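Engineer: The structure that follows is given in the form of structure tokens.
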Amino acid sequence: MDADTHAPELVLVVEDEAHIAELIRMYLVREGFAVEVRADGPAGLAAARALTPVAVILDVRLPGLDGRELLRALRADGDWVPVLLVTARDDEVDRVVGLELGADDYVTKPFSPRELVARLRAVLRRTSGPAALARSTDVAGAPAGPGAGAGPDANAGGPVLRAGVVVLDVGRRRVLAGDREVTLTTTEFDLLAALLRRPGLVHTRDRLLADVWGYQASAGTRTVDVHVAQVRAKLGPASPIRTVRGVGYTADA
């Protein structure tokens with residue numbers, strides 16, 4: 001292979017409806033990705049562990065092992081590969097539970113393949129650079145979590161943001177709450193960073209969707225609320241995030 005030729009990035013699609021899996025595969029290949037497809041939960045989990053894809057497109061309702069349990073198993077392994085859930089249009093419970101388990105985003109059936117690809121690219125943009133390095137370190141057996149790395153004051157190309165006892169090292173993708181290290185998903189980390197970069201400023205949910213997720217409010221703002229709740233729960237009493245009723249969220253300095 002030519003030294004300047006790069007292998008395409010591999011996306012794992014776990015979907016039991018063959019026509020949907022083929023449609024996704026076709027669009028991803030057209031966009032330059034390599035694609036592996038698995039039709040049930042156990043096969044999908046095995047492939048995610050063996051192939052180290054750059055992202056997983058994961059149907060929630062799968063035979064053998066449903067998507068939520070597959071996602072739970074990956075996160076329990078310390079594998080923070082970006083996950084895009086595919087859910088039924090009317091199943092908010094699946095979407096919320098999936099986000100709480102550490103999914104990065106979701107699309108609902110029936111969906112536009114172009115929208116799915118756009119969301120996948122938005123997730124991959126958020127997980128490039130230090131986050132991708134962190135994941136490759138995790139797989140090798142170093143400290144787990146998407147923010148693994150050296151101490152937060154050892155700057156690795158990004159600012160160190162502070163709010164009370166919360167310290168967020170952008171370059172090393174690490175978060176501390178006092179002397180406790182906090183493991184956040186990529187999306188949770190980027191959401192907290194967006195708020196801490198402009199402390200005191202009130203961010204609408206629409207603005208956060210555009211800044212963190214990379215798409216507009218037509219996608220729905222419930223995902224913002226779920227991720228904020230997850231960040232607050234992980235930070236505990238140290239959380240600087242405050243709700244501005246009827247508007248959005250802000251971070252206290």
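In the structure tokens, each chain is lettered A, B, ... as it comes, each chain's residues begin at 1, and ligands are numbered from 1 in order of appearance.
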Quick one: everything within 10 Å of stretch 202-214 of chain A, counting only C-alpha atoms, minus sequence neighbours fewer than 3 positions away in the same chain. Send it as a PyMOL selection string.
Structural biologist: chain A and resi 104-105+118-119+121-123+125-126+187-195+198-199+217-225+242-244+246-251
Engineer: How would the residues just chosen look if you wrote them out with N, CA and C atoms as a short mmCIF file (atom, residue, chain, number, x, y, z; two decimals), in the first residue's frame?
Structural biologist:
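result13.cif written:
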```cif
data_model
loop_
_atom_site.label_atom_id
_atom_site.label_comp_id
_atom_site.auth_asym_id
_atom_site.auth_seq_id
_atom_site.Cartn_x
_atom_site.Cartn_y
_atom_site.Cartn_z
N ASP A 104 -23.82 8.68 22.39
CA ASP A 104 -23.45 10.04 22.02
C ASP A 104 -24.57 10.78 21.30
N ASP A 105 -25.44 10.05 20.63
CA ASP A 105 -26.54 10.68 19.90
C ASP A 105 -27.50 9.59 19.48
N ALA A 118 -24.75 12.68 8.66
CA ALA A 118 -24.38 13.99 9.20
C ALA A 118 -24.16 13.91 10.71
N ARG A 119 -25.03 13.18 11.39
CA ARG A 119 -24.87 13.05 12.85
C ARG A 119 -23.64 12.23 13.19
N ARG A 121 -20.90 12.08 11.43
CA ARG A 121 -19.73 12.94 11.22
C ARG A 121 -19.59 13.96 12.36
N ALA A 122 -20.72 14.46 12.87
CA ALA A 122 -20.67 15.41 13.98
C ALA A 122 -20.09 14.72 15.22
N VAL A 123 -20.51 13.48 15.48
CA VAL A 123 -19.97 12.74 16.62
C VAL A 123 -18.47 12.51 16.43
N ARG A 125 -16.35 14.27 14.71
CA ARG A 125 -15.61 15.52 14.91
C ARG A 125 -15.36 15.77 16.40
N ARG A 126 -16.36 15.47 17.22
CA ARG A 126 -16.21 15.70 18.65
C ARG A 126 -15.25 14.71 19.29
N THR A 187 -19.46 13.39 24.68
CA THR A 187 -20.48 14.43 24.58
C THR A 187 -20.66 15.16 25.90
N GLU A 188 -20.65 14.43 27.01
CA GLU A 188 -20.76 15.07 28.32
C GLU A 188 -19.60 16.03 28.55
N PHE A 189 -18.39 15.60 28.18
CA PHE A 189 -17.22 16.45 28.34
C PHE A 189 -17.36 17.73 27.52
N ASP A 190 -17.78 17.59 26.26
CA ASP A 190 -17.89 18.77 25.40
C ASP A 190 -19.00 19.70 25.86
N LEU A 191 -20.07 19.14 26.42
CA LEU A 191 -21.14 19.97 26.96
C LEU A 191 -20.64 20.78 28.15
N LEU A 192 -19.94 20.13 29.07
CA LEU A 192 -19.40 20.85 30.22
C LEU A 192 -18.39 21.90 29.78
N ALA A 193 -17.55 21.58 28.80
CA ALA A 193 -16.57 22.55 28.31
C ALA A 193 -17.26 23.75 27.70
N ALA A 194 -18.33 23.52 26.94
CA ALA A 194 -19.06 24.64 26.32
C ALA A 194 -19.60 25.60 27.37
N LEU A 195 -20.08 25.06 28.48
CA LEU A 195 -20.62 25.90 29.55
C LEU A 195 -19.50 26.61 30.31
N ARG A 198 -17.67 29.89 28.88
CA ARG A 198 -18.33 31.19 29.03
C ARG A 198 -19.17 31.19 30.31
N PRO A 199 -18.49 31.17 31.45
CA PRO A 199 -19.23 31.10 32.72
C PRO A 199 -20.13 32.31 32.91
N ALA A 217 -31.97 22.81 16.12
CA ALA A 217 -32.96 22.46 17.12
C ALA A 217 -34.06 21.54 16.62
N SER A 218 -34.20 21.39 15.30
CA SER A 218 -35.22 20.49 14.77
C SER A 218 -35.00 19.07 15.25
N ALA A 219 -33.77 18.76 15.69
CA ALA A 219 -33.48 17.42 16.18
C ALA A 219 -34.12 17.17 17.54
N GLY A 220 -34.54 18.22 18.24
CA GLY A 220 -35.14 18.05 19.55
C GLY A 220 -34.14 18.34 20.66
N THR A 221 -34.61 18.94 21.73
CA THR A 221 -33.69 19.40 22.78
C THR A 221 -33.68 18.49 24.01
N ARG A 222 -34.46 17.42 24.00
CA ARG A 222 -34.48 16.52 25.15
C ARG A 222 -33.10 15.93 25.42
N THR A 223 -32.33 15.68 24.35
CA THR A 223 -30.99 15.13 24.53
C THR A 223 -30.11 16.05 25.38
N VAL A 224 -30.29 17.37 25.25
CA VAL A 224 -29.50 18.32 26.06
C VAL A 224 -29.83 18.13 27.54
N ASP A 225 -31.11 18.04 27.86
CA ASP A 225 -31.53 17.89 29.26
C ASP A 225 -30.97 16.60 29.87
N ARG A 242 -26.19 25.36 36.36
CA ARG A 242 -27.44 25.86 36.94
C ARG A 242 -28.47 26.02 35.83
N THR A 243 -29.71 25.61 36.14
CA THR A 243 -30.81 25.75 35.19
C THR A 243 -31.39 27.16 35.27
N VAL A 244 -31.58 27.76 34.13
CA VAL A 244 -32.29 29.05 34.04
C VAL A 244 -33.66 28.72 33.46
N GLY A 246 -36.98 28.11 31.78
CA GLY A 246 -37.59 28.64 30.57
C GLY A 246 -36.58 29.09 29.51
N VAL A 247 -35.27 29.01 29.83
CA VAL A 247 -34.28 29.49 28.88
C VAL A 247 -33.27 28.40 28.54
N GLY A 248 -32.54 27.93 29.54
CA GLY A 248 -31.50 26.93 29.28
C GLY A 248 -30.63 26.72 30.49
N TYR A 249 -29.31 26.77 30.28
CA TYR A 249 -28.35 26.43 31.34
C TYR A 249 -27.19 27.43 31.36
N THR A 250 -26.60 27.55 32.55
CA THR A 250 -25.40 28.35 32.69
C THR A 250 -24.48 27.64 33.68
N ALA A 251 -23.22 28.07 33.70
CA ALA A 251 -22.25 27.53 34.67
C ALA A 251 -21.78 28.68 35.54
#
```
Engineer: Using DSSP secondary structure from the backbone, list all helix (DSSP H, G or I) positions within stretch 29-140 of chain A, as a PyMOL selection string.
Structural biologist: chain A and resi 29-30+41-51+67-76+92-101+113-126+130-140
Engineer: In Å to one decimal, how far is atom CA of A:Leu28 from atom CA of A:Ala46?
Structural biologist: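 Interatomic distance here is 21.2 Å.
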